[in-house]
Amino acid sequence: MNSISLNNISKKYTGHWLFKNINVQINAGDPMAITGFNGSGKSTLLKIISGYTVPTEGVVNYVINGKTIEQENIFHYISYAAPYLDLIDDFTLMENISFFTQFKKLKENISIRELVHIAFLEGSENKQVKFFSSGMKQRLKLSLAVLADTPILLLDEPLANLDSKGFQWYADLTVKYLQNRICIICSNNTKDETAVCKATLNVEDFK
């Protein structure tokens with residue numbers, strides 16, 4: 001089974017501990033929510049899980065297809081969507097999709113045209129992303145991450161910039177494409193963001 005194990009994960013920032021001694025295992029098929037107030041360290045913990053940031057103490061272990069994956073190689077297995085991760089504004093929609101899918105192929109033989117349809121972005125294929133609304137950009141970010149053929153999916157505040165219709169779109173998308181994946185969702189305790197999650201890790205419990 002694919003899994004990520006956090007072993008005594010702690011992070012110090014500007015002289016104080018964001019969190020200490022987090023021990024948890026996240027298995028494929030059991031999505032987990034990371035919750036806590038703004039500034040509590042949720043995004044930092046997600047970056048540590050992704051391998052982008054190193055913990056002050058502790059280690060993250062990754063098992064994919066029965067094999068241990070080293071931290072420096074785990075990015076090959078991860079798709080990630082977050083407010084602080086940017087699209088290429090000067091590229092058109094199609095250019096953005098073509099660029100990002102060079103690095104992470106789409107699931108189940110989904111075509112670029114199908115992704116455009118799933119993201120409700122038809123008619124904007126040749127528009128530069130800098131002219132997209134915030135909701136359109138968020139649907140594109142989420143579609144690129146959720147539809148990527150990766151065993152690990154990391155989402156940070158996925159409902160940011162989405163309206164009520166976007167909430168339902170996100171719910172349908174995650175229900176359909178999270179099967180048998182390791183999925184971790186950071187949320188400011190928004191139930192709509194974490195409805196698919198089977199477990200919750202509250203960063204406030206590790207201060």
# chains A, B, ... in the order shown; residues from 1 in each chain; ligands from 1
$ residues_around --residues "A:Pro31" --least-positions-apart "5" --cutoff "7 Å" --atoms "only C-alpha atoms" --output "PyMOL selection string"
chain A and resi 182-184+196-199
$ residues_around --residues "A:Asn73" --least-positions-apart "4" --cutoff "9 Å" --atoms "only C-alpha atoms" --output "PyMOL selection string"
chain A and resi 51+69+77
$ closest_residue --among "A:Gln25, A:Asn161, A:Ser79, A:Asn188" --to "A:Asp149" --atoms "only C-alpha atoms"
A:Ser79
$ closest_residue --among "A:Thr174, A:Asn27, A:Ser40, A:Ser50" --to "A:Thr194" --atoms "only C-alpha atoms"
A:Thr174
$ residues_around --residues "A:Ile22" --least-positions-apart "6" --cutoff "7 Å" --atoms "only C-alpha atoms" --output "VMD selection string"
chain A and resid 6 to 10 206
$ closest_atom_pairs --of "stretch 142-166 of chain A" --to "stretch 54-65 of chain A" --cutoff "12 Å" --atoms "only C-alpha atoms" --output "Markdown table"
| residue | atom | partner | partner_atom | distance |
| --- | --- | --- | --- | --- |
| A:Thr150 | CA | A:Ile64 | CA | 10.4 |
| A:Pro151 | CA | A:Ile64 | CA | 7.7 |
| A:Ile152 | CA | A:Ile64 | CA | 9.2 |
$ select_by_dssp --residues "chain A" --states "strand (DSSP E or B)" --output "ChimeraX atom specification"
/A:3-13,16-27,32-35,57-64,67-69,78-81,92,106,128,148,152-156,182-187,199-202
$ select_by_dssp --residues "stretch 23-193 of chain A" --states "alpha helix (DSSP H)" --output "PyMOL selection string"
chain A and resi 42-50+93-100+112-118+134-146+164-177
$ write_last_selection --atoms "C-alpha atoms" --output "PDB file, in the first residue's frame"
ATOM      1  CA  LYS A  42      -0.690  24.089   7.997  1.00  0.00           C
ATOM      2  CA  SER A  43       0.939  25.144   4.736  1.00  0.00           C
ATOM      3  CA  THR A  44       4.414  24.663   6.194  1.00  0.00           C
ATOM      4  CA  LEU A  45       3.522  21.113   7.181  1.00  0.00           C
ATOM      5  CA  LEU A  46       2.176  20.432   3.692  1.00  0.00           C
ATOM      6  CA  LYS A  47       5.411  21.773   2.182  1.00  0.00           C
ATOM      7  CA  ILE A  48       7.382  19.445   4.456  1.00  0.00           C
ATOM      8  CA  ILE A  49       5.250  16.511   3.316  1.00  0.00           C
ATOM      9  CA  SER A  50       5.879  17.518  -0.310  1.00  0.00           C
ATOM     10  CA  LEU A  93      -4.951  28.234 -21.273  1.00  0.00           C
ATOM     11  CA  MET A  94      -3.784  25.637 -23.800  1.00  0.00           C
ATOM     12  CA  GLU A  95      -0.143  26.655 -23.414  1.00  0.00           C
ATOM     13  CA  ASN A  96      -0.396  26.332 -19.618  1.00  0.00           C
ATOM     14  CA  ILE A  97      -1.937  22.877 -19.859  1.00  0.00           C
ATOM     15  CA  SER A  98       0.603  21.729 -22.454  1.00  0.00           C
ATOM     16  CA  PHE A  99       3.453  23.028 -20.298  1.00  0.00           C
ATOM     17  CA  PHE A 100       2.362  21.467 -17.002  1.00  0.00           C
ATOM     18  CA  ILE A 112      -6.145  18.212 -22.838  1.00  0.00           C
ATOM     19  CA  ARG A 113      -9.533  18.956 -24.443  1.00  0.00           C
ATOM     20  CA  GLU A 114     -11.265  16.843 -21.801  1.00  0.00           C
ATOM     21  CA  LEU A 115      -9.458  18.726 -19.044  1.00  0.00           C
ATOM     22  CA  VAL A 116     -10.690  22.020 -20.508  1.00  0.00           C
ATOM     23  CA  HIS A 117     -14.230  20.624 -20.478  1.00  0.00           C
ATOM     24  CA  ILE A 118     -13.952  19.264 -16.924  1.00  0.00           C
ATOM     25  CA  SER A 134      -9.670  34.190  -9.849  1.00  0.00           C
ATOM     26  CA  GLY A 135     -12.257  31.402 -10.001  1.00  0.00           C
ATOM     27  CA  MET A 136     -11.162  30.325 -13.479  1.00  0.00           C
ATOM     28  CA  LYS A 137      -7.543  30.215 -12.346  1.00  0.00           C
ATOM     29  CA  GLN A 138      -8.478  28.134  -9.323  1.00  0.00           C
ATOM     30  CA  ARG A 139     -10.447  25.624 -11.411  1.00  0.00           C
ATOM     31  CA  LEU A 140      -7.436  25.293 -13.721  1.00  0.00           C
ATOM     32  CA  LYS A 141      -5.021  24.778 -10.814  1.00  0.00           C
ATOM     33  CA  LEU A 142      -7.256  22.172  -9.221  1.00  0.00           C
ATOM     34  CA  SER A 143      -7.912  20.367 -12.498  1.00  0.00           C
ATOM     35  CA  LEU A 144      -4.196  20.137 -13.288  1.00  0.00           C
ATOM     36  CA  ALA A 145      -3.509  18.710  -9.816  1.00  0.00           C
ATOM     37  CA  VAL A 146      -6.486  16.401  -9.340  1.00  0.00           C
ATOM     38  CA  SER A 164     -21.047  28.052  -4.491  1.00  0.00           C
ATOM     39  CA  LYS A 165     -21.166  26.382  -7.919  1.00  0.00           C
ATOM     40  CA  GLY A 166     -17.414  25.952  -7.677  1.00  0.00           C
ATOM     41  CA  PHE A 167     -17.838  24.236  -4.313  1.00  0.00           C
ATOM     42  CA  GLN A 168     -20.066  21.601  -5.908  1.00  0.00           C
ATOM     43  CA  TRP A 169     -17.703  21.257  -8.874  1.00  0.00           C
ATOM     44  CA  TYR A 170     -14.808  20.626  -6.464  1.00  0.00           C
ATOM     45  CA  ALA A 171     -16.838  18.077  -4.494  1.00  0.00           C
ATOM     46  CA  ASP A 172     -17.716  16.140  -7.648  1.00  0.00           C
ATOM     47  CA  LEU A 173     -14.125  16.272  -8.907  1.00  0.00           C
ATOM     48  CA  THR A 174     -12.568  14.973  -5.708  1.00  0.00           C
ATOM     49  CA  VAL A 175     -15.109  12.216  -5.190  1.00  0.00           C
ATOM     50  CA  LYS A 176     -14.414  10.920  -8.699  1.00  0.00           C
ATOM     51  CA  TYR A 177     -10.620  11.136  -8.787  1.00  0.00           C
TER      52      TYR A 177
END
$ atom_distance --atom1 "atom CA of A:Lys11" --atom2 "atom CA of A:Leu85"
21.4 Å
$ atom_distance --atom1 "atom CA of A:Lys105" --atom2 "atom CA of A:Asp30"
23.1 Å
$ atom_distance --atom1 "atom CA of A:Thr200" --atom2 "atom CA of A:Ala81"
19.1 Å
$ decode --residues "stretch 106-140 of chain A" --atoms "N, CA, C and O atoms" --output "compact mmCIF listing (two decimals), in the first residue's frame"
# COMPACT_ATOMS: atom_id res chain seq x y z
N LEU A 106 -1.73 13.21 -17.49
CA LEU A 106 -3.09 13.17 -16.97
C LEU A 106 -3.55 11.73 -16.75
O LEU A 106 -3.09 10.80 -17.41
N LYS A 107 -4.48 11.57 -15.82
CA LYS A 107 -5.00 10.25 -15.47
C LYS A 107 -5.89 9.68 -16.56
O LYS A 107 -6.53 10.42 -17.31
N GLU A 108 -5.95 8.37 -16.61
CA GLU A 108 -6.96 7.63 -17.37
C GLU A 108 -7.08 8.10 -18.82
O GLU A 108 -8.18 8.18 -19.38
N ASN A 109 -5.95 8.43 -19.38
CA ASN A 109 -5.92 8.88 -20.79
C ASN A 109 -6.80 10.10 -21.04
O ASN A 109 -7.33 10.29 -22.14
N ILE A 110 -6.97 10.93 -20.02
CA ILE A 110 -7.71 12.19 -20.20
C ILE A 110 -6.93 13.08 -21.15
O ILE A 110 -5.71 13.26 -21.01
N SER A 111 -7.60 13.63 -22.12
CA SER A 111 -6.95 14.52 -23.08
C SER A 111 -6.97 15.95 -22.57
O SER A 111 -7.70 16.29 -21.63
N ILE A 112 -6.16 16.79 -23.20
CA ILE A 112 -6.14 18.21 -22.84
C ILE A 112 -7.53 18.81 -23.06
O ILE A 112 -8.02 19.61 -22.26
N ARG A 113 -8.18 18.44 -24.17
CA ARG A 113 -9.53 18.96 -24.44
C ARG A 113 -10.51 18.53 -23.36
O ARG A 113 -11.39 19.31 -22.96
N GLU A 114 -10.37 17.30 -22.87
CA GLU A 114 -11.27 16.84 -21.80
C GLU A 114 -11.01 17.62 -20.51
O GLU A 114 -11.95 17.93 -19.78
N LEU A 115 -9.75 17.93 -20.23
CA LEU A 115 -9.46 18.73 -19.04
C LEU A 115 -10.12 20.10 -19.14
O LEU A 115 -10.70 20.58 -18.16
N VAL A 116 -10.04 20.72 -20.31
CA VAL A 116 -10.69 22.02 -20.51
C VAL A 116 -12.18 21.91 -20.23
O VAL A 116 -12.77 22.77 -19.56
N HIS A 117 -12.80 20.84 -20.70
CA HIS A 117 -14.23 20.62 -20.48
C HIS A 117 -14.53 20.40 -19.00
O HIS A 117 -15.47 20.99 -18.44
N ILE A 118 -13.74 19.57 -18.34
CA ILE A 118 -13.95 19.26 -16.92
C ILE A 118 -13.81 20.53 -16.08
O ILE A 118 -14.55 20.74 -15.11
N ALA A 119 -12.87 21.40 -16.46
CA ALA A 119 -12.62 22.63 -15.70
C ALA A 119 -13.60 23.75 -16.05
O ALA A 119 -13.49 24.84 -15.49
N PHE A 120 -14.55 23.48 -16.93
CA PHE A 120 -15.52 24.50 -17.38
C PHE A 120 -14.81 25.74 -17.92
O PHE A 120 -15.15 26.87 -17.59
N LEU A 121 -13.81 25.50 -18.79
CA LEU A 121 -13.05 26.60 -19.37
C LEU A 121 -13.14 26.63 -20.89
O LEU A 121 -12.32 27.27 -21.56
N GLU A 122 -14.13 25.95 -21.43
CA GLU A 122 -14.31 25.95 -22.88
C GLU A 122 -14.60 27.37 -23.37
O GLU A 122 -15.34 28.13 -22.73
N GLY A 123 -13.99 27.72 -24.49
CA GLY A 123 -14.12 29.06 -25.04
C GLY A 123 -12.99 29.98 -24.63
O GLY A 123 -12.87 31.10 -25.15
N SER A 124 -12.15 29.52 -23.69
CA SER A 124 -11.02 30.34 -23.22
C SER A 124 -9.68 29.74 -23.62
O SER A 124 -8.64 30.14 -23.09
N GLU A 125 -9.70 28.81 -24.56
CA GLU A 125 -8.48 28.08 -24.91
C GLU A 125 -7.33 29.00 -25.32
O GLU A 125 -6.17 28.73 -25.00
N ASN A 126 -7.63 30.08 -26.02
CA ASN A 126 -6.57 30.94 -26.55
C ASN A 126 -6.43 32.25 -25.78
O ASN A 126 -5.74 33.17 -26.22
N LYS A 127 -7.08 32.32 -24.62
CA LYS A 127 -6.99 33.52 -23.77
C LYS A 127 -5.81 33.37 -22.82
O LYS A 127 -5.58 32.30 -22.25
N GLN A 128 -5.04 34.45 -22.66
CA GLN A 128 -3.95 34.43 -21.68
C GLN A 128 -4.53 34.32 -20.27
O GLN A 128 -5.54 34.95 -19.94
N VAL A 129 -3.87 33.52 -19.45
CA VAL A 129 -4.38 33.25 -18.11
C VAL A 129 -4.43 34.52 -17.26
O VAL A 129 -5.25 34.62 -16.33
N LYS A 130 -3.61 35.52 -17.56
CA LYS A 130 -3.65 36.76 -16.77
C LYS A 130 -4.99 37.48 -16.90
O LYS A 130 -5.32 38.33 -16.08
N PHE A 131 -5.77 37.11 -17.91
CA PHE A 131 -7.09 37.70 -18.08
C PHE A 131 -8.20 36.84 -17.49
O PHE A 131 -9.38 37.17 -17.60
N PHE A 132 -7.85 35.72 -16.87
CA PHE A 132 -8.83 34.85 -16.22
C PHE A 132 -9.29 35.48 -14.91
O PHE A 132 -8.54 36.18 -14.23
N SER A 133 -10.52 35.17 -14.51
CA SER A 133 -10.97 35.51 -13.17
C SER A 133 -10.26 34.61 -12.17
O SER A 133 -9.66 33.58 -12.52
N SER A 134 -10.31 35.00 -10.89
CA SER A 134 -9.67 34.19 -9.85
C SER A 134 -10.29 32.80 -9.78
O SER A 134 -9.59 31.81 -9.53
N GLY A 135 -11.60 32.71 -10.02
CA GLY A 135 -12.26 31.40 -10.00
C GLY A 135 -11.81 30.52 -11.15
O GLY A 135 -11.62 29.30 -10.98
N MET A 136 -11.64 31.10 -12.33
CA MET A 136 -11.16 30.32 -13.48
C MET A 136 -9.75 29.80 -13.22
O MET A 136 -9.44 28.64 -13.52
N LYS A 137 -8.91 30.65 -12.66
CA LYS A 137 -7.54 30.21 -12.35
C LYS A 137 -7.56 29.07 -11.34
O LYS A 137 -6.79 28.11 -11.47
N GLN A 138 -8.43 29.18 -10.34
CA GLN A 138 -8.48 28.13 -9.32
C GLN A 138 -8.98 26.82 -9.91
O GLN A 138 -8.45 25.75 -9.57
N ARG A 139 -9.97 26.86 -10.78
CA ARG A 139 -10.45 25.62 -11.41
C ARG A 139 -9.34 25.00 -12.26
O ARG A 139 -9.20 23.77 -12.30
N LEU A 140 -8.54 25.83 -12.92
CA LEU A 140 -7.44 25.29 -13.72
C LEU A 140 -6.38 24.66 -12.81
O LEU A 140 -5.91 23.54 -13.09
